[in-house]
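Everything below belongs to protein20.cif, which stores mmCIF, C-alpha atoms.
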```
data_data
#
loop_
_atom_site.label_atom_id
_atom_site.label_comp_id
_atom_site.auth_asym_id
_atom_site.auth_seq_id
_atom_site.Cartn_x
_atom_site.Cartn_y
_atom_site.Cartn_z
CA MET A 1 55.38 -10.15 81.45
CA SER A 2 57.03 -7.69 79.17
CA THR A 3 59.70 -8.49 76.64
CA THR A 4 62.23 -5.84 75.81
CA ALA A 5 63.35 -6.77 72.34
CA THR A 6 66.55 -4.80 72.48
CA ASN A 7 70.27 -5.21 72.63
CA GLY A 8 70.41 -2.41 75.17
CA ASP A 9 73.98 -2.51 76.39
CA HIS A 10 75.51 -2.66 72.93
CA ASN A 11 75.92 1.10 73.17
CA ALA A 12 78.27 0.65 76.09
CA ASN A 13 79.80 -2.75 75.42
CA GLY A 14 80.00 -2.97 71.65
CA THR A 15 83.02 -1.74 69.75
CA LEU A 16 81.71 1.34 68.05
CA SER A 17 82.35 1.80 64.35
CA ARG A 18 81.50 5.13 62.73
CA GLU A 19 79.79 5.46 59.38
CA ASP A 20 82.25 3.90 56.95
CA THR A 21 81.41 3.68 53.31
CA SER A 22 84.35 1.33 52.85
CA ASN A 23 82.43 -1.45 54.64
CA LYS A 24 80.98 -2.76 51.42
CA HIS A 25 79.77 -5.94 53.05
CA THR A 26 77.47 -3.91 55.28
CA GLN A 27 76.20 -1.35 52.79
CA ALA A 28 72.73 -1.48 51.32
CA PRO A 29 72.88 -3.82 48.30
CA THR A 30 72.43 -2.49 44.80
CA ALA A 31 69.49 -3.53 42.67
CA ALA A 32 71.64 -6.20 41.06
CA ALA A 33 72.83 -7.49 44.41
CA ALA A 34 69.30 -7.50 45.76
CA ALA A 35 68.37 -10.07 43.16
CA ASP A 36 70.77 -12.50 44.86
CA SER A 37 69.86 -11.51 48.41
CA ASP A 38 67.63 -13.22 50.94
CA TYR A 39 64.40 -11.53 49.90
CA PRO A 40 61.32 -13.75 49.85
CA PRO A 41 60.59 -15.43 46.52
CA THR A 42 57.62 -13.16 45.88
CA ASP A 43 59.11 -10.25 43.94
CA PHE A 44 57.39 -6.88 43.92
CA LEU A 45 53.70 -7.41 43.20
CA GLU A 46 54.44 -10.83 41.67
CA THR A 47 51.89 -12.87 43.56
CA ALA A 48 48.44 -13.15 42.07
CA GLU A 49 46.94 -11.85 45.29
CA ALA A 50 49.21 -8.84 45.30
CA ARG A 51 48.60 -8.12 41.61
CA SER A 52 44.87 -8.18 42.24
CA ALA A 53 45.10 -5.91 45.27
CA ILE A 54 42.70 -3.35 43.84
CA LEU A 55 40.63 -1.13 46.05
CA PRO A 56 36.91 -1.93 46.16
CA ALA A 57 34.80 0.53 44.20
CA ASP A 58 33.12 1.99 47.28
CA LEU A 59 36.44 2.49 49.04
CA ALA A 60 38.00 4.01 45.92
CA LEU A 61 35.14 6.49 45.72
CA ALA A 62 35.50 7.31 49.40
CA LEU A 63 39.24 7.85 49.07
CA SER A 64 38.69 9.98 45.99
CA ALA A 65 36.25 12.14 47.93
CA ASP A 66 38.77 12.43 50.77
CA LEU A 67 41.46 13.55 48.35
CA GLU A 68 39.16 16.19 46.89
CA GLN A 69 38.35 17.46 50.37
CA THR A 70 41.96 17.53 51.55
CA SER A 71 43.00 19.39 48.41
CA SER A 72 40.50 22.17 49.00
CA PRO A 73 41.98 25.47 50.27
CA GLN A 74 39.36 25.66 53.01
CA LEU A 75 40.48 22.38 54.59
CA GLN A 76 44.18 23.05 54.10
CA ASN A 77 43.81 26.25 56.09
CA LYS A 78 42.06 24.44 58.94
CA GLN A 79 44.41 22.53 61.22
CA ARG A 80 43.02 19.95 63.59
CA THR A 81 43.75 20.33 67.27
CA LEU A 82 45.90 17.72 68.97
CA SER A 83 42.84 16.30 70.72
CA GLU A 84 40.99 16.01 67.40
CA ALA A 85 43.97 14.26 65.84
CA GLN A 86 44.09 11.79 68.73
CA ASP A 87 40.36 11.14 68.41
CA GLN A 88 40.79 10.39 64.71
CA ALA A 89 43.84 8.16 65.09
CA SER A 90 43.62 4.40 64.53
CA TYR A 91 43.78 1.91 67.39
CA TYR A 92 44.12 -1.85 67.15
CA TRP A 93 41.20 -2.49 69.52
CA ASP A 94 38.79 -0.14 67.66
CA ALA A 95 37.46 -1.61 64.42
CA SER A 96 35.72 1.67 63.55
CA SER A 97 39.14 3.31 63.20
CA MET A 98 40.33 0.81 60.58
CA ALA A 99 39.80 0.68 56.82
CA PRO A 100 40.28 -2.13 54.29
CA LEU A 101 43.88 -2.58 53.21
CA ASN A 102 44.99 -0.34 50.37
CA ALA A 103 46.90 -1.82 47.43
CA LEU A 104 50.35 -1.26 48.91
CA SER A 105 49.39 -2.80 52.25
CA ALA A 106 47.61 -5.76 50.65
CA ALA A 107 50.76 -6.51 48.65
CA ALA A 108 52.86 -6.26 51.83
CA ILE A 109 50.60 -8.73 53.67
CA ALA A 110 50.76 -11.09 50.67
CA ARG A 111 54.56 -11.08 50.75
CA LEU A 112 54.66 -11.74 54.48
CA ARG A 113 52.14 -14.54 54.07
CA ALA A 114 54.32 -16.12 51.36
CA TYR A 115 57.63 -15.72 53.18
CA LYS A 116 59.34 -18.87 54.45
CA PRO A 117 62.42 -18.45 56.65
CA PRO A 118 65.39 -20.72 55.97
CA PRO A 119 65.64 -23.85 58.13
CA PHE A 120 67.28 -23.29 61.51
CA PRO A 121 67.72 -26.65 63.25
CA THR A 122 69.73 -25.03 66.06
CA TRP A 123 66.43 -23.82 67.57
CA ASP A 124 65.39 -27.43 68.23
CA ARG A 125 68.64 -28.10 70.11
CA LEU A 126 68.36 -25.09 72.42
CA PRO A 127 67.23 -25.61 76.03
CA VAL A 128 63.89 -24.09 76.94
CA SER A 129 65.50 -21.23 78.89
CA ARG A 130 67.25 -20.05 75.71
CA ARG A 131 64.12 -19.87 73.56
CA ALA A 132 61.92 -16.78 73.22
CA ALA A 133 59.44 -15.30 70.76
CA VAL A 134 57.83 -11.92 70.11
CA LEU A 135 54.62 -10.92 68.34
CA ILE A 136 54.71 -8.36 65.52
CA LEU A 137 51.02 -7.45 65.36
CA LEU A 138 49.99 -5.44 62.29
CA PHE A 139 46.67 -3.70 61.68
CA ALA A 140 45.23 -1.26 59.14
CA ASP A 141 44.61 2.40 59.94
CA ARG A 142 41.88 4.67 58.56
CA ARG A 143 43.72 4.96 55.24
CA GLY A 144 44.42 1.24 54.87
CA ASP A 145 48.11 1.69 55.78
CA LEU A 146 49.72 -0.85 58.08
CA ARG A 147 50.65 0.03 61.66
CA VAL A 148 52.53 -2.09 64.20
CA VAL A 149 51.82 -2.47 67.93
CA ILE A 150 54.75 -1.67 70.28
CA THR A 151 55.02 -1.55 74.06
CA MET A 152 57.29 0.29 76.49
CA ARG A 153 58.73 -1.54 79.49
CA ALA A 154 57.73 -0.28 82.92
CA ALA A 155 60.11 1.97 84.82
CA SER A 156 59.92 -0.41 87.79
CA LEU A 157 61.82 -3.15 85.97
CA ARG A 158 65.45 -3.64 86.93
CA ASN A 159 66.83 -3.98 83.39
CA PHE A 160 65.92 -2.08 80.22
CA SER A 161 63.22 -0.03 81.94
CA GLY A 162 61.53 2.36 79.55
CA HIS A 163 62.77 0.51 76.46
CA ALA A 164 60.61 -0.28 73.45
CA ALA A 165 59.51 -3.88 73.08
CA PHE A 166 57.21 -6.26 71.27
CA PRO A 167 54.82 -8.37 73.31
CA GLY A 168 56.66 -11.62 73.92
CA GLY A 169 58.98 -13.54 76.18
CA LYS A 170 60.53 -16.88 77.03
CA ALA A 171 59.19 -20.36 76.30
CA ASP A 172 57.45 -22.23 79.10
CA SER A 173 58.17 -25.66 77.65
CA LEU A 174 60.01 -27.34 74.79
CA SER A 175 56.67 -28.25 73.20
CA GLU A 176 55.56 -24.61 72.79
CA SER A 177 55.83 -23.25 69.26
CA PRO A 178 57.20 -19.72 68.76
CA TYR A 179 53.72 -18.46 67.81
CA GLU A 180 52.21 -20.02 70.93
CA ILE A 181 54.89 -18.34 73.06
CA ALA A 182 54.23 -14.95 71.47
CA ARG A 183 50.43 -15.20 71.80
CA ARG A 184 50.63 -16.32 75.44
CA GLU A 185 52.92 -13.46 76.34
CA ALA A 186 50.74 -10.94 74.46
CA TRP A 187 47.81 -12.10 76.60
CA GLU A 188 49.79 -11.65 79.80
CA GLU A 189 51.24 -8.26 78.86
CA ILE A 190 48.52 -6.37 76.98
CA GLY A 191 45.43 -8.57 77.36
CA LEU A 192 45.27 -9.72 73.73
CA PRO A 193 43.09 -12.85 73.88
CA MET A 194 45.22 -15.98 73.56
CA ASP A 195 42.30 -18.13 72.40
CA ASP A 196 41.14 -17.21 68.89
CA ASN A 197 37.61 -18.29 69.86
CA LYS A 198 37.57 -15.49 72.46
CA ILE A 199 38.52 -12.72 70.03
CA PRO A 200 35.37 -10.66 69.49
CA ARG A 201 33.98 -10.01 66.04
CA PRO A 202 34.77 -8.33 63.73
CA PHE A 203 38.39 -9.09 64.73
CA ARG A 204 40.43 -12.08 63.61
CA ILE A 205 44.17 -12.69 63.98
CA GLU A 206 45.95 -14.34 61.06
CA PRO A 207 49.48 -15.67 61.63
CA LEU A 208 51.53 -14.69 58.57
CA CYS A 209 55.09 -15.90 59.02
CA HIS A 210 58.10 -16.34 61.27
CA LEU A 211 61.26 -14.33 60.68
CA PRO A 212 64.80 -15.64 61.19
CA CYS A 213 65.80 -15.67 64.85
CA SER A 214 67.46 -12.67 66.47
CA LEU A 215 69.97 -12.84 69.31
CA ALA A 216 69.14 -11.02 72.53
CA LYS A 217 71.87 -9.51 74.68
CA THR A 218 70.89 -12.00 77.39
CA GLU A 219 71.86 -14.89 75.05
CA LEU A 220 68.34 -15.87 74.03
CA ALA A 221 67.28 -16.92 70.54
CA VAL A 222 64.23 -14.77 69.77
CA ARG A 223 61.85 -15.82 66.99
CA PRO A 224 59.71 -12.91 65.64
CA CYS A 225 56.18 -14.00 64.69
CA VAL A 226 54.26 -11.72 62.32
CA ALA A 227 50.46 -11.63 62.48
CA PHE A 228 47.74 -9.46 60.94
CA LEU A 229 44.68 -8.29 62.83
CA HIS A 230 41.68 -8.44 60.48
CA SER A 231 38.78 -6.19 61.40
CA ASP A 232 36.29 -7.08 58.67
CA ASP A 233 34.84 -10.39 59.81
CA PRO A 234 31.02 -10.36 59.55
CA PRO A 235 29.16 -10.09 62.87
CA THR A 236 27.76 -13.27 64.33
CA SER A 237 24.90 -14.09 66.64
CA THR A 238 27.26 -15.14 69.43
CA PRO A 239 26.95 -13.26 72.73
CA SER A 240 29.05 -10.16 73.31
CA PRO A 241 32.48 -10.97 74.77
CA THR A 242 33.16 -10.44 78.43
CA VAL A 243 35.67 -7.83 79.56
CA GLU A 244 38.29 -10.58 79.85
CA GLU A 245 37.69 -11.57 76.23
CA ALA A 246 37.48 -8.10 74.72
CA MET A 247 40.16 -6.43 72.60
CA MET A 248 40.58 -3.43 74.88
CA PRO A 249 44.16 -3.51 76.17
CA ARG A 250 44.58 -4.56 79.79
CA LEU A 251 48.19 -3.89 80.70
CA ASP A 252 50.33 -5.55 83.34
CA ALA A 253 51.29 -2.39 85.22
CA LYS A 254 54.34 -4.08 86.75
CA GLU A 255 55.90 -4.74 83.36
CA VAL A 256 54.28 -2.61 80.65
CA ALA A 257 54.36 1.18 80.86
CA ALA A 258 52.57 1.99 77.60
CA VAL A 259 51.20 0.62 74.34
CA PHE A 260 51.36 2.64 71.12
CA SER A 261 51.58 2.07 67.38
CA ALA A 262 53.83 3.24 64.55
CA PRO A 263 53.57 3.34 60.74
CA PHE A 264 55.06 0.04 59.57
CA HIS A 265 56.32 1.22 56.18
CA ASN A 266 58.24 4.11 57.74
CA PHE A 267 60.78 1.75 59.28
CA LEU A 268 62.39 1.81 55.83
CA SER A 269 62.57 5.63 55.80
CA SER A 270 65.21 7.96 57.15
CA THR A 271 62.78 10.81 57.85
CA ASP A 272 59.40 11.26 59.50
CA GLU A 273 56.25 10.28 57.64
CA PRO A 274 55.06 13.45 55.85
CA ALA A 275 52.28 15.24 57.69
CA ARG A 276 48.93 15.23 55.91
CA ALA A 277 46.81 18.30 55.35
CA GLY A 278 45.25 19.43 58.62
CA ASP A 279 47.54 17.33 60.83
CA PRO A 280 49.12 19.04 63.85
CA PRO A 281 52.85 19.76 63.42
CA LEU A 282 55.34 17.05 64.25
CA PRO A 283 57.08 17.30 67.63
CA PRO A 284 60.71 18.45 67.76
CA GLY A 285 63.33 15.89 66.86
CA HIS A 286 64.07 13.53 64.01
CA TRP A 287 62.87 10.09 62.95
CA TYR A 288 66.08 8.10 62.42
CA ASP A 289 69.73 7.86 63.25
CA GLY A 290 72.02 4.83 63.42
CA ARG A 291 75.54 3.56 63.73
CA TRP A 292 77.62 0.41 63.34
CA ILE A 293 78.97 -1.63 66.24
CA ASN A 294 80.86 -4.92 66.39
CA TRP A 295 79.09 -7.83 68.05
CA ASP A 296 81.77 -10.43 68.66
CA THR A 297 83.51 -10.11 65.29
CA SER A 298 80.40 -9.26 63.26
CA PRO A 299 79.33 -5.75 62.20
CA TRP A 300 75.85 -5.00 63.53
CA ARG A 301 73.74 -1.97 62.65
CA VAL A 302 72.01 -0.18 65.53
CA HIS A 303 68.83 1.53 64.29
CA ASN A 304 67.33 4.33 66.42
CA PHE A 305 63.77 5.33 65.51
CA HIS A 306 62.24 8.29 67.33
CA VAL A 307 58.52 7.57 66.88
CA PRO A 308 56.11 10.53 67.25
CA VAL A 309 53.24 9.70 69.60
CA HIS A 310 51.74 13.18 70.00
CA ALA A 311 48.80 12.50 67.66
CA GLN A 312 47.63 9.23 69.24
CA ARG A 313 46.30 8.27 72.63
CA VAL A 314 49.00 6.16 74.24
CA THR A 315 47.51 3.46 76.44
CA THR A 316 49.03 3.29 79.92
CA PRO A 317 48.15 1.11 82.92
CA LYS A 318 46.30 2.51 85.90
CA VAL A 319 46.31 0.52 89.11
CA ARG A 320 42.90 0.30 90.73
CA GLU A 321 42.19 0.04 94.45
CA ASP A 322 41.89 -3.73 94.15
CA GLY A 323 45.44 -3.87 92.79
CA LEU A 324 44.47 -4.88 89.25
CA ALA A 325 45.48 -2.97 86.14
CA ALA A 326 42.88 -0.84 84.42
CA VAL A 327 43.03 0.89 81.06
CA SER A 328 43.97 4.57 80.97
CA ASP A 329 44.47 6.58 77.78
CA GLY A 330 46.71 9.58 77.34
CA PRO A 331 50.46 10.11 77.30
CA GLU A 332 50.09 12.56 80.18
CA GLU A 333 48.94 9.80 82.55
CA GLU A 334 51.59 9.03 85.14
CA VAL A 335 52.96 5.48 85.11
CA GLU A 336 54.30 3.55 88.08
CA GLY A 337 57.78 4.87 88.86
CA ALA A 338 57.82 7.21 85.88
CA GLN A 339 58.35 10.93 85.84
CA GLU A 340 55.70 13.27 84.56
CA GLN A 341 54.95 12.26 81.01
CA GLN A 342 55.59 14.94 78.44
CA VAL A 343 57.28 12.64 75.93
CA GLN A 344 56.23 13.26 72.33
CA ARG A 345 58.55 10.69 70.76
CA PHE A 346 59.35 7.15 71.92
CA LEU A 347 62.74 5.65 71.10
CA VAL A 348 62.53 2.29 69.32
CA TRP A 349 65.97 0.76 68.89
CA GLY A 350 68.23 -2.25 69.49
CA MET A 351 66.78 -5.61 68.58
CA THR A 352 63.27 -4.20 68.27
CA GLY A 353 64.45 -1.69 65.66
CA ARG A 354 66.41 -4.35 63.81
CA ILE A 355 63.44 -6.73 63.67
CA LEU A 356 61.16 -3.94 62.39
CA VAL A 357 63.60 -3.15 59.58
CA ASP A 358 63.83 -6.84 58.64
CA ALA A 359 60.05 -7.28 58.65
CA ALA A 360 59.47 -4.12 56.58
CA ARG A 361 62.14 -5.15 54.04
CA ILE A 362 60.31 -8.42 53.47
CA ALA A 363 56.86 -6.83 53.41
CA TYR A 364 57.63 -3.99 50.99
CA ALA A 365 60.34 -5.77 48.95
CA ARG A 366 62.82 -2.92 49.09
CA ASP A 367 65.84 -1.80 51.03
CA PRO A 368 65.75 0.98 53.61
CA GLU A 369 67.05 4.45 52.93
CA PHE A 370 69.85 3.93 55.46
CA GLU A 371 72.67 1.43 55.91
CA HIS A 372 71.68 -1.98 57.24
CA ASN A 373 72.78 -5.58 57.64
CA LYS A 374 72.06 -7.56 54.51
CA ASN A 375 71.07 -10.69 56.42
CA TYR A 376 67.81 -11.12 58.28
CA GLY A 377 68.15 -11.83 61.99
CA ASP A 378 71.22 -13.12 63.81
CA GLU A 379 71.15 -16.84 63.16
CA ALA A 380 74.85 -16.97 62.23
CA LEU A 381 75.71 -15.38 65.58
CA ILE A 382 73.38 -17.78 67.40
CA GLU A 383 74.95 -20.77 65.66
CA THR A 384 78.44 -19.55 66.57
CA GLN A 385 77.51 -19.15 70.23
CA ALA A 386 75.77 -22.53 70.26
CA THR A 387 78.86 -24.16 68.76
CA GLN A 388 80.93 -22.54 71.50
CA GLY A 389 78.53 -23.97 74.09
CA ARG A 390 77.37 -20.58 75.32
CA MET A 391 73.70 -21.20 74.54
CA MET A 392 73.45 -24.94 75.05
CA THR A 393 73.13 -24.85 78.84
CA GLU A 394 70.21 -23.71 80.95
CA LYS A 395 70.37 -20.12 82.16
CA LYS A 396 71.24 -20.03 85.86
CA ARG A 397 69.62 -17.83 88.47
CA LYS A 398 72.07 -15.41 90.02
CA GLU A 399 70.24 -15.12 93.34
CA VAL A 400 67.91 -17.08 95.58
CA GLY A 401 64.66 -16.24 97.27
CA LEU A 402 61.17 -15.28 96.14
CA ASP A 403 62.07 -11.69 95.25
CA ALA A 404 65.05 -12.88 93.25
CA LEU A 405 62.83 -15.36 91.42
CA LYS A 406 60.46 -12.56 90.44
CA GLU A 407 63.37 -10.48 89.18
CA GLU A 408 64.68 -13.48 87.23
CA VAL A 409 61.34 -13.79 85.46
CA LYS A 410 61.46 -10.11 84.54
CA ASP A 411 65.09 -10.22 83.43
CA ALA A 412 64.34 -13.21 81.22
CA LYS A 413 62.25 -10.87 79.09
CA MET A 414 65.36 -9.50 77.35
#
```

I'd like the structure from this file rewritten - as structure tokens, please.
Amino acid sequence: MSTTATNGDHNANGTLSREDTSNKHTQAPTAAAAADSDYPPTDFLETAEARSAILPADLALALSADLEQTSSPQLQNKQRTLSEAQDQASYYWDASSMAPLNALSAAAIARLRAYKPPPFPTWDRLPVSRRAAVLILLFADRRGDLRVVITMRAASLRNFSGHAAFPGGKADSLSESPYEIARREAWEEIGLPMDDNKIPRPFRIEPLCHLPCSLAKTELAVRPCVAFLHSDDPPTSTPSPTVEEAMMPRLDAKEVAAVFSAPFHNFLSSTDEPARAGDPPLPPGHWYDGRWINWDTSPWRVHNFHVPVHAQRVTTPKVREDGLAAVSDGPEEEVEGAQEQQVQRFLVWGMTGRILVDAARIAYARDPEFEHNKNYGDEALIETQATQGRMMTEKKRKEVGLDALKEEVKDAKM
């Protein structure tokens, strides 16, 4: 069951406001203003853990050797093929493609771990049909940089087909915590084991923090849950996991069209991540553009990130003869209802883009290079709508019948 974390129709329904440097309340705060902003209490590299985030000696030597090799003229003149680049990319289900966190990433994880969102008692008053959560799953790549797992909604879905999303969805009961919602939905959508005891070694998932709630276009309060996928747990003598318990993604072909990853820190940048020596050239296009809209009476920044996916193997579902979804790698693989795949950039925008900017601001303790909302999330908007009674009633089904019920379940995924 795929969640589209997006405010998709804001393009059409929101009152568009062009770039306006006179909107001082929506400009990026200055360094002085940042001191009074809503950043987490852990200032840049202030925690003991972050200050001690020093690379192990063996990793430092390895990185030093890599730098010497990449600086040599022989290697600079040799460009990897696209297939080689994809083979050497990092994937969240492949521990061999991950390295220990570098200093910058270790500090980012420490800040997320220390972050505490402000109280939001409105969540406890919302009916179950108005509650949702998404999982922001981070992992380390071969250089120790953080990457984030993102999905694309299937083309067969009635609303928001082909939109970027986090794994996640609606609550099943009032007793479910946001993290439990996010983990359950990640299991249903991409096959990430819901039970920590079934996650194979050397993997381990650490919940880091919750972010302030965001407001979905469908009038749902969405709680982002940030977690880090460790890949350095020592092996145990327990039996090898079954296919159902393994980390290999198993996608719900009816709802998820693809799974890919993106560099987490770059959601604070206005341009593409610089290509490293030997990397294939970036695909045509640009990394970022954005604009202001008005949501109700509040200015809201729409972030559009055009994520390159040419140098990674995008996981797509493949329906077997028995009707179950199987794993298939490669952006060229056709997806149910989709046209021939030649896409080299995926658009990440709407609520998904906004949440990524908020999470990266907290993790790296700095503002983005582009204009943004100063606040995290949309809790003021949610409170306003709750006060007006718009979110305090159960969502009603618009149709009847089994097919309509199935569509209602899909539509509930933002």

- Quick one: distance from atom CA of A:Ser90 to atom CA of A:Ala140 in Å, one decimal? 8.0 Å

- Message: Selection in question (the file shown): the PyMOL selection byres ((chain A and resi 127) around 9). Which residues does it include, as an MDAnalysis selection string?
- Response: chainID A and resid 123:126 128:131 174 391:395

- Task: Quote the spacing between atom CA of A:Phe260 and atom CA of A:Phe305 in Å to one decimal place.
- Result: 13.9 Å

- Item | Contact residues around A:Arg80 with only C-alpha atoms at 9 Å, ignoring same-chain residues under 2 positions, as a PyMOL selection string | chain A and resi 78+82-85+278-280

List, as a compact mmCIF listing (two decimals) with C-alpha atoms, in the frame of the given file, every residue that the PyMOL selection byres ((chain A and resi 180) around 10) selects in the file provided.
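Saved file result.txt follows:
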```txt
# COMPACT_ATOMS: atom_id res chain seq x y z
CA ALA A 133 59.44 -15.30 70.76
CA VAL A 134 57.83 -11.92 70.11
CA LEU A 135 54.62 -10.92 68.34
CA GLY A 168 56.66 -11.62 73.92
CA ALA A 171 59.19 -20.36 76.30
CA ASP A 172 57.45 -22.23 79.10
CA SER A 175 56.67 -28.25 73.20
CA GLU A 176 55.56 -24.61 72.79
CA SER A 177 55.83 -23.25 69.26
CA PRO A 178 57.20 -19.72 68.76
CA TYR A 179 53.72 -18.46 67.81
CA ILE A 181 54.89 -18.34 73.06
CA ALA A 182 54.23 -14.95 71.47
CA ARG A 183 50.43 -15.20 71.80
CA ARG A 184 50.63 -16.32 75.44
CA GLU A 185 52.92 -13.46 76.34
CA ALA A 186 50.74 -10.94 74.46
CA MET A 194 45.22 -15.98 73.56
CA CYS A 225 56.18 -14.00 64.69
```

- Message: Expand the PyMOL selection byres ((chain A and resi 261) around 7) into the explicit residue set it covers here, and present it as an NGL selection string.
- Response: :A and (147-150 or 260 or 262)

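When atom CA of A:Leu229 is paired with atom CA of A:Phe203, their separation reads 6.6 Å.
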
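For the set A:Gly169, A:Tyr376, A:Leu356, A:Val226, the residue with the smallest atom-to-atom gap to A:Asn266 is A:Leu356, counting only C-alpha atoms.
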
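Checking A:Ser105, A:His372, A:Glu206, A:Cys213 one by one against A:Ile293, counting only C-alpha atoms, you find the shortest gap at A:His372.
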
- For A:Leu211, work out the shell of residues within 9 Å, counting all atoms listed in the file and skipping chain neighbours fewer than 3 positions away, then give it as an MDAnalysis selection string. chainID A and resid 115:118 214 223:226 355 358:359 376:377

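Using only C-alpha atoms for every distance, the candidate list A:Asp232, A:Asp252, A:Asp141, A:Glu219 yields A:Asp252 as the residue closest to A:Pro167.
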
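Checking A:Arg354, A:His265, A:Lys217, A:Lys170 one by one against A:Leu381, counting all atoms listed in the file, you find the shortest gap at A:Lys217.
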
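Each of A:Tyr92, A:Gly144, A:Leu251, A:Val222 was compared to A:Arg204 using only C-alpha atoms, and A:Tyr92 turns out to be the nearest.
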
- Measuring atom to atom with all atoms listed in the file, identify which of A:Arg366, A:Lys374, A:Arg250, A:Arg390 is nearest to A:Leu268. A:Arg366
